[in-house]
Amino acid sequence: MNDKDVLPNFLVIGAQRCATSWMYFCLKEHPDIFLPFIKELHFFNNYYEKGLEWYKRYFNTWSGQKAIGEISPGYLYIERSPRLIYRHLKDVRLIVCLRNPIERAYSQYKKHLRSELVLDSFEVAIEKDSQYIQRGFYFEQINRYLKY
């Protein structure tokens, strides 16, 4: 395989605040697994317009490992991600990490509180921003992937 043609054969697609960072560090230690030096590339949700060559450059240090992966927890939630992933990675294996949706929402809230993205109580924050709750609707998110 030409190093320029390397793309992931597995993705960890989410969900946010569901131990994907822990998974990244565990998988990164395995000698047969290649992961880019950046955990979240967000190509299929935020940077698709930069082109596939932009994405491929994160895998150009691959040195023959059997598993080539990427971890971007936003892929589960963003509606266009399954279609784009299927377009470029038809045979990719998907890993989904889930957590109790209420605990997930509260963890996201606490992270936003620490970084001062939100100053309201949890109750007010979930009323103002529906994503806290919607990101826990795993059934509909996974069903988007099952179409492909």
# chains A, B, ... in the order shown; residues from 1 in each chain; ligands from 1

$ select_by_dssp --residues "chain A" --states "strand (DSSP E or B)" --output "CSV table (one decimal) with all heavy atoms, in the first residue's frame"
chain,number,residue,atom,x,y,z
A,10,PHE,N,-10.8,1.6,10.6
A,10,PHE,CA,-11.8,1.7,11.7
A,10,PHE,C,-11.9,3.1,12.2
A,10,PHE,O,-11.0,3.9,12.1
A,10,PHE,CB,-11.4,0.7,12.9
A,10,PHE,CG,-10.4,1.2,13.8
A,10,PHE,CD1,-10.7,2.0,15.0
A,10,PHE,CD2,-9.0,0.9,13.6
A,10,PHE,CE1,-9.7,2.4,15.9
A,10,PHE,CE2,-8.1,1.4,14.5
A,10,PHE,CZ,-8.4,2.1,15.6
A,11,LEU,N,-13.1,3.4,12.7
A,11,LEU,CA,-13.4,4.8,13.2
A,11,LEU,C,-14.1,4.6,14.6
A,11,LEU,O,-15.0,3.7,14.7
A,11,LEU,CB,-14.3,5.6,12.3
A,11,LEU,CG,-13.8,6.0,11.0
A,11,LEU,CD1,-14.9,6.7,10.2
A,11,LEU,CD2,-12.6,6.9,11.1
A,12,VAL,N,-13.7,5.4,15.5
A,12,VAL,CA,-14.5,5.5,16.7
A,12,VAL,C,-15.3,6.8,16.5
A,12,VAL,O,-14.8,7.9,16.4
A,12,VAL,CB,-13.7,5.6,18.0
A,12,VAL,CG1,-14.5,5.8,19.2
A,12,VAL,CG2,-12.8,4.4,18.1
A,13,ILE,N,-16.7,6.6,16.4
A,13,ILE,CA,-17.5,7.7,15.9
A,13,ILE,C,-18.2,8.4,17.1
A,13,ILE,O,-19.0,9.4,16.8
A,13,ILE,CB,-18.5,7.2,14.9
A,13,ILE,CG1,-19.4,6.1,15.4
A,13,ILE,CG2,-17.8,6.8,13.6
A,13,ILE,CD1,-20.6,5.7,14.5
A,14,GLY,N,-18.1,8.0,18.3
A,14,GLY,CA,-18.8,8.7,19.4
A,14,GLY,C,-19.2,7.8,20.5
A,14,GLY,O,-18.8,6.6,20.5
A,33,ILE,N,-1.7,-1.0,16.1
A,33,ILE,CA,-2.8,0.0,15.8
A,33,ILE,C,-2.1,1.3,15.6
A,33,ILE,O,-1.3,1.8,16.3
A,33,ILE,CB,-3.7,0.1,17.0
A,33,ILE,CG1,-4.5,-1.2,17.2
A,33,ILE,CG2,-4.7,1.3,16.8
A,33,ILE,CD1,-5.4,-1.2,18.5
A,34,PHE,N,-2.5,1.9,14.4
A,34,PHE,CA,-2.0,3.3,14.1
A,34,PHE,C,-3.1,4.3,14.3
A,34,PHE,O,-4.3,4.1,13.8
A,34,PHE,CB,-1.5,3.4,12.7
A,34,PHE,CG,-1.2,4.8,12.3
A,34,PHE,CD1,0.1,5.3,12.6
A,34,PHE,CD2,-2.1,5.6,11.7
A,34,PHE,CE1,0.4,6.6,12.3
A,34,PHE,CE2,-1.8,6.9,11.4
A,34,PHE,CZ,-0.5,7.4,11.7
A,67,ALA,N,-4.2,-2.3,12.0
A,67,ALA,CA,-5.4,-1.4,12.2
A,67,ALA,C,-5.0,0.0,12.1
A,67,ALA,O,-4.0,0.5,12.7
A,67,ALA,CB,-6.0,-1.7,13.6
A,68,ILE,N,-5.8,0.8,11.3
A,68,ILE,CA,-5.5,2.2,11.1
A,68,ILE,C,-6.8,2.9,11.5
A,68,ILE,O,-7.9,2.6,10.9
A,68,ILE,CB,-5.2,2.5,9.6
A,68,ILE,CG1,-4.0,1.6,9.2
A,68,ILE,CG2,-4.9,4.0,9.4
A,68,ILE,CD1,-3.9,1.6,7.7
A,69,GLY,N,-6.7,3.8,12.5
A,69,GLY,CA,-8.0,4.3,13.0
A,69,GLY,C,-8.0,5.8,13.2
A,69,GLY,O,-6.9,6.5,13.1
A,70,GLU,N,-9.1,6.3,13.5
A,70,GLU,CA,-9.3,7.7,13.8
A,70,GLU,C,-10.5,7.8,14.8
A,70,GLU,O,-11.4,7.0,14.8
A,70,GLU,CB,-9.7,8.5,12.6
A,70,GLU,CG,-9.7,10.0,12.8
A,70,GLU,CD,-10.9,10.7,12.3
A,70,GLU,OE1,-11.4,10.3,11.3
A,70,GLU,OE2,-11.3,11.7,12.9
A,71,ILE,N,-10.4,8.7,15.8
A,71,ILE,CA,-11.4,8.9,16.8
A,71,ILE,C,-11.9,10.3,16.7
A,71,ILE,O,-11.2,11.2,17.0
A,71,ILE,CB,-10.9,8.5,18.2
A,71,ILE,CG1,-10.4,7.1,18.2
A,71,ILE,CG2,-11.9,8.8,19.3
A,71,ILE,CD1,-9.7,6.7,19.5
A,93,ARG,N,-14.7,-0.3,9.7
A,93,ARG,CA,-15.4,-0.8,10.9
A,93,ARG,C,-15.7,0.4,11.9
A,93,ARG,O,-14.8,1.3,12.0
A,93,ARG,CB,-14.6,-1.8,11.6
A,93,ARG,CG,-14.4,-3.1,10.8
A,93,ARG,CD,-13.5,-4.1,11.5
A,93,ARG,NE,-13.3,-5.2,10.6
A,93,ARG,CZ,-13.8,-6.4,10.9
A,93,ARG,NH1,-14.5,-6.6,12.0
A,93,ARG,NH2,-13.6,-7.4,10.1
A,94,LEU,N,-16.8,0.4,12.5
A,94,LEU,CA,-17.2,1.5,13.4
A,94,LEU,C,-17.3,1.0,14.8
A,94,LEU,O,-17.8,-0.1,15.1
A,94,LEU,CB,-18.6,2.0,12.9
A,94,LEU,CG,-18.7,2.5,11.5
A,94,LEU,CD1,-20.1,2.9,11.2
A,94,LEU,CD2,-17.7,3.7,11.3
A,95,ILE,N,-16.8,1.9,15.7
A,95,ILE,CA,-16.9,1.6,17.1
A,95,ILE,C,-17.6,2.8,17.7
A,95,ILE,O,-17.3,3.9,17.4
A,95,ILE,CB,-15.5,1.5,17.8
A,95,ILE,CG1,-14.7,0.4,17.1
A,95,ILE,CG2,-15.6,1.4,19.3
A,95,ILE,CD1,-13.2,0.3,17.5
A,96,VAL,N,-18.6,2.5,18.5
A,96,VAL,CA,-19.5,3.5,19.2
A,96,VAL,C,-19.4,3.3,20.7
A,96,VAL,O,-19.6,2.2,21.2
A,96,VAL,CB,-20.9,3.4,18.7
A,96,VAL,CG1,-21.8,4.5,19.4
A,96,VAL,CG2,-21.1,3.5,17.2

$ closest_atom_pairs --of "segment 4-93 of chain A" --to "segment 99-119 of chain A" --cutoff "9 Å" --atoms "only C-alpha atoms" --output "CSV"
residue,atom,partner,partner_atom,distance
A:Ala15,CA,A:Arg99,CA,8.0
A:Gln16,CA,A:Arg104,CA,7.6
A:Arg17,CA,A:Arg104,CA,5.7
A:Cys18,CA,A:Arg99,CA,5.5
A:Ala19,CA,A:Arg99,CA,8.4

$ closest_residue --among "A:Tyr55, A:Trp22, A:Tyr77, A:Tyr86" --to "Phe43 of chain A" --atoms "only C-alpha atoms"
A:Tyr55

$ closest_residue --among "A:Glu79, A:Asp120, A:Glu53, A:Asp129" --to "Asp5 of chain A" --atoms "only C-alpha atoms"
A:Glu53

$ residues_around --residues "Tyr24 of chain A" --least-positions-apart "2" --cutoff "8 Å" --atoms "only C-alpha atoms" --output "PyMOL selection string"
chain A and resi 20-22+26-28+35+39+71

$ select_by_dssp --residues "chain A" --states "alpha helix (DSSP H)" --output "NGL selection string"
:A and (20-28 or 52-56 or 81-88 or 101-114 or 122-128 or 131-134 or 138-146)

$ atom_distance --atom1 "atom CA of Val92 of chain A" --atom2 "atom CA of Gly136 of chain A"
23.7 Å

$ closest_residue --among "A:Arg57, A:Lys66, A:Ser81, A:Val6" --to "His42 of chain A" --atoms "only C-alpha atoms"
A:Ser81

$ closest_residue --among "A:Leu7, A:Ser130, A:Tyr75, A:Asp91" --to "Thr61 of chain A" --atoms "only C-alpha atoms"
A:Leu7

$ atom_distance --atom1 "atom CA of Pro82 of chain A" --atom2 "atom CA of Glu140 of chain A"
12.2 Å

$ atom_distance --atom1 "atom CA of Phe44 of chain A" --atom2 "atom CA of Arg80 of chain A"
7.7 Å

$ closest_residue --among "A:Arg135, A:Lys90, A:Lys128, A:Arg144" --to "Asn9 of chain A" --atoms "only C-alpha atoms"
A:Lys90

$ decode --residues "segment 101-114 of chain A" --atoms "all heavy atoms" --output "PDB file, in the first residue's frame"
ATOM      1  N   PRO A 101     -27.371   8.605  28.836  1.00  0.00           N
ATOM      2  CA  PRO A 101     -27.543   9.919  28.197  1.00  0.00           C
ATOM      3  C   PRO A 101     -27.609  11.092  29.178  1.00  0.00           C
ATOM      4  O   PRO A 101     -27.150  12.194  28.851  1.00  0.00           O
ATOM      5  CB  PRO A 101     -28.857   9.795  27.431  1.00  0.00           C
ATOM      6  CG  PRO A 101     -29.121   8.345  27.312  1.00  0.00           C
ATOM      7  CD  PRO A 101     -28.419   7.664  28.446  1.00  0.00           C
ATOM      8  N   ILE A 102     -28.163  10.870  30.364  1.00  0.00           N
ATOM      9  CA  ILE A 102     -28.240  11.951  31.343  1.00  0.00           C
ATOM     10  C   ILE A 102     -26.834  12.256  31.883  1.00  0.00           C
ATOM     11  O   ILE A 102     -26.438  13.424  31.984  1.00  0.00           O
ATOM     12  CB  ILE A 102     -29.210  11.589  32.485  1.00  0.00           C
ATOM     13  CG1 ILE A 102     -30.619  11.438  31.920  1.00  0.00           C
ATOM     14  CG2 ILE A 102     -29.170  12.625  33.595  1.00  0.00           C
ATOM     15  CD1 ILE A 102     -31.601  10.767  32.847  1.00  0.00           C
ATOM     16  N   GLU A 103     -26.067  11.211  32.194  1.00  0.00           N
ATOM     17  CA  GLU A 103     -24.694  11.417  32.649  1.00  0.00           C
ATOM     18  C   GLU A 103     -23.843  12.071  31.565  1.00  0.00           C
ATOM     19  O   GLU A 103     -22.991  12.912  31.849  1.00  0.00           O
ATOM     20  CB  GLU A 103     -24.074  10.088  33.072  1.00  0.00           C
ATOM     21  CG  GLU A 103     -24.687   9.514  34.321  1.00  0.00           C
ATOM     22  CD  GLU A 103     -24.135   8.138  34.653  1.00  0.00           C
ATOM     23  OE1 GLU A 103     -23.162   7.702  34.010  1.00  0.00           O
ATOM     24  OE2 GLU A 103     -24.688   7.499  35.568  1.00  0.00           O
ATOM     25  N   ARG A 104     -24.081  11.687  30.308  1.00  0.00           N
ATOM     26  CA  ARG A 104     -23.351  12.281  29.190  1.00  0.00           C
ATOM     27  C   ARG A 104     -23.647  13.776  29.093  1.00  0.00           C
ATOM     28  O   ARG A 104     -22.745  14.599  28.966  1.00  0.00           O
ATOM     29  CB  ARG A 104     -23.733  11.576  27.883  1.00  0.00           C
ATOM     30  CG  ARG A 104     -22.797  11.879  26.723  1.00  0.00           C
ATOM     31  CD  ARG A 104     -23.527  12.109  25.409  1.00  0.00           C
ATOM     32  NE  ARG A 104     -24.433  13.211  25.474  1.00  0.00           N
ATOM     33  CZ  ARG A 104     -24.048  14.506  25.384  1.00  0.00           C
ATOM     34  NH1 ARG A 104     -22.800  14.842  25.243  1.00  0.00           N
ATOM     35  NH2 ARG A 104     -24.948  15.464  25.457  1.00  0.00           N
ATOM     36  N   ALA A 105     -24.923  14.142  29.171  1.00  0.00           N
ATOM     37  CA  ALA A 105     -25.328  15.548  29.083  1.00  0.00           C
ATOM     38  C   ALA A 105     -24.728  16.353  30.234  1.00  0.00           C
ATOM     39  O   ALA A 105     -24.224  17.465  30.028  1.00  0.00           O
ATOM     40  CB  ALA A 105     -26.854  15.662  29.084  1.00  0.00           C
ATOM     41  N   TYR A 106     -24.764  15.790  31.427  1.00  0.00           N
ATOM     42  CA  TYR A 106     -24.232  16.502  32.590  1.00  0.00           C
ATOM     43  C   TYR A 106     -22.714  16.661  32.482  1.00  0.00           C
ATOM     44  O   TYR A 106     -22.162  17.702  32.838  1.00  0.00           O
ATOM     45  CB  TYR A 106     -24.618  15.793  33.889  1.00  0.00           C
ATOM     46  CG  TYR A 106     -24.337  16.624  35.104  1.00  0.00           C
ATOM     47  CD1 TYR A 106     -25.058  17.785  35.361  1.00  0.00           C
ATOM     48  CD2 TYR A 106     -23.335  16.263  35.997  1.00  0.00           C
ATOM     49  CE1 TYR A 106     -24.784  18.574  36.472  1.00  0.00           C
ATOM     50  CE2 TYR A 106     -23.057  17.041  37.113  1.00  0.00           C
ATOM     51  CZ  TYR A 106     -23.786  18.196  37.343  1.00  0.00           C
ATOM     52  OH  TYR A 106     -23.508  18.979  38.438  1.00  0.00           O
ATOM     53  N   SER A 107     -22.035  15.661  31.954  1.00  0.00           N
ATOM     54  CA  SER A 107     -20.596  15.746  31.759  1.00  0.00           C
ATOM     55  C   SER A 107     -20.253  16.844  30.751  1.00  0.00           C
ATOM     56  O   SER A 107     -19.300  17.610  30.945  1.00  0.00           O
ATOM     57  CB  SER A 107     -20.056  14.401  31.281  1.00  0.00           C
ATOM     58  OG  SER A 107     -18.678  14.486  31.017  1.00  0.00           O
ATOM     59  N   GLN A 108     -21.018  16.933  29.681  1.00  0.00           N
ATOM     60  CA  GLN A 108     -20.807  17.993  28.695  1.00  0.00           C
ATOM     61  C   GLN A 108     -21.041  19.366  29.340  1.00  0.00           C
ATOM     62  O   GLN A 108     -20.267  20.301  29.132  1.00  0.00           O
ATOM     63  CB  GLN A 108     -21.731  17.814  27.499  1.00  0.00           C
ATOM     64  CG  GLN A 108     -21.528  18.837  26.414  1.00  0.00           C
ATOM     65  CD  GLN A 108     -22.471  18.643  25.235  1.00  0.00           C
ATOM     66  OE1 GLN A 108     -23.376  17.817  25.261  1.00  0.00           O
ATOM     67  NE2 GLN A 108     -22.260  19.424  24.199  1.00  0.00           N
ATOM     68  N   TYR A 109     -22.099  19.459  30.112  1.00  0.00           N
ATOM     69  CA  TYR A 109     -22.400  20.704  30.818  1.00  0.00           C
ATOM     70  C   TYR A 109     -21.237  21.088  31.738  1.00  0.00           C
ATOM     71  O   TYR A 109     -20.789  22.237  31.745  1.00  0.00           O
ATOM     72  CB  TYR A 109     -23.702  20.556  31.608  1.00  0.00           C
ATOM     73  CG  TYR A 109     -23.893  21.619  32.659  1.00  0.00           C
ATOM     74  CD1 TYR A 109     -24.265  22.919  32.322  1.00  0.00           C
ATOM     75  CD2 TYR A 109     -23.670  21.318  34.010  1.00  0.00           C
ATOM     76  CE1 TYR A 109     -24.417  23.894  33.297  1.00  0.00           C
ATOM     77  CE2 TYR A 109     -23.823  22.296  34.987  1.00  0.00           C
ATOM     78  CZ  TYR A 109     -24.198  23.579  34.628  1.00  0.00           C
ATOM     79  OH  TYR A 109     -24.349  24.538  35.586  1.00  0.00           O
ATOM     80  N   LYS A 110     -20.729  20.142  32.522  1.00  0.00           N
ATOM     81  CA  LYS A 110     -19.631  20.420  33.457  1.00  0.00           C
ATOM     82  C   LYS A 110     -18.373  20.873  32.694  1.00  0.00           C
ATOM     83  O   LYS A 110     -17.669  21.777  33.147  1.00  0.00           O
ATOM     84  CB  LYS A 110     -19.317  19.197  34.318  1.00  0.00           C
ATOM     85  CG  LYS A 110     -20.426  18.816  35.288  1.00  0.00           C
ATOM     86  CD  LYS A 110     -20.609  19.837  36.367  1.00  0.00           C
ATOM     87  CE  LYS A 110     -19.611  19.572  37.449  1.00  0.00           C
ATOM     88  NZ  LYS A 110     -19.810  20.371  38.658  1.00  0.00           N
ATOM     89  N   LYS A 111     -18.118  20.264  31.554  1.00  0.00           N
ATOM     90  CA  LYS A 111     -16.973  20.682  30.736  1.00  0.00           C
ATOM     91  C   LYS A 111     -17.170  22.123  30.262  1.00  0.00           C
ATOM     92  O   LYS A 111     -16.247  22.936  30.305  1.00  0.00           O
ATOM     93  CB  LYS A 111     -16.805  19.748  29.539  1.00  0.00           C
ATOM     94  CG  LYS A 111     -15.651  20.113  28.654  1.00  0.00           C
ATOM     95  CD  LYS A 111     -15.519  19.184  27.476  1.00  0.00           C
ATOM     96  CE  LYS A 111     -14.347  19.610  26.617  1.00  0.00           C
ATOM     97  NZ  LYS A 111     -14.243  18.836  25.393  1.00  0.00           N
ATOM     98  N   HIS A 112     -18.370  22.439  29.795  1.00  0.00           N
ATOM     99  CA  HIS A 112     -18.662  23.801  29.343  1.00  0.00           C
ATOM    100  C   HIS A 112     -18.593  24.797  30.502  1.00  0.00           C
ATOM    101  O   HIS A 112     -18.146  25.933  30.322  1.00  0.00           O
ATOM    102  CB  HIS A 112     -20.030  23.856  28.674  1.00  0.00           C
ATOM    103  CG  HIS A 112     -20.045  23.201  27.344  1.00  0.00           C
ATOM    104  ND1 HIS A 112     -21.208  23.018  26.634  1.00  0.00           N
ATOM    105  CD2 HIS A 112     -19.059  22.675  26.566  1.00  0.00           C
ATOM    106  CE1 HIS A 112     -20.935  22.411  25.490  1.00  0.00           C
ATOM    107  NE2 HIS A 112     -19.639  22.185  25.436  1.00  0.00           N
ATOM    108  N   LEU A 113     -19.007  24.377  31.665  1.00  0.00           N
ATOM    109  CA  LEU A 113     -18.952  25.233  32.856  1.00  0.00           C
ATOM    110  C   LEU A 113     -17.495  25.545  33.222  1.00  0.00           C
ATOM    111  O   LEU A 113     -17.146  26.693  33.490  1.00  0.00           O
ATOM    112  CB  LEU A 113     -19.671  24.528  34.012  1.00  0.00           C
ATOM    113  CG  LEU A 113     -20.072  25.353  35.219  1.00  0.00           C
ATOM    114  CD1 LEU A 113     -21.043  26.471  34.828  1.00  0.00           C
ATOM    115  CD2 LEU A 113     -20.704  24.458  36.280  1.00  0.00           C
ATOM    116  N   ARG A 114     -16.646  24.516  33.188  1.00  0.00           N
ATOM    117  CA  ARG A 114     -15.218  24.703  33.498  1.00  0.00           C
ATOM    118  C   ARG A 114     -14.546  25.668  32.519  1.00  0.00           C
ATOM    119  O   ARG A 114     -13.692  26.462  32.903  1.00  0.00           O
ATOM    120  CB  ARG A 114     -14.477  23.365  33.486  1.00  0.00           C
ATOM    121  CG  ARG A 114     -14.672  22.533  34.719  1.00  0.00           C
ATOM    122  CD  ARG A 114     -13.722  21.343  34.760  1.00  0.00           C
ATOM    123  NE  ARG A 114     -13.840  20.448  33.620  1.00  0.00           N
ATOM    124  CZ  ARG A 114     -14.728  19.455  33.524  1.00  0.00           C
ATOM    125  NH1 ARG A 114     -15.585  19.223  34.501  1.00  0.00           N
ATOM    126  NH2 ARG A 114     -14.761  18.682  32.466  1.00  0.00           N
TER     127      ARG A 114
END
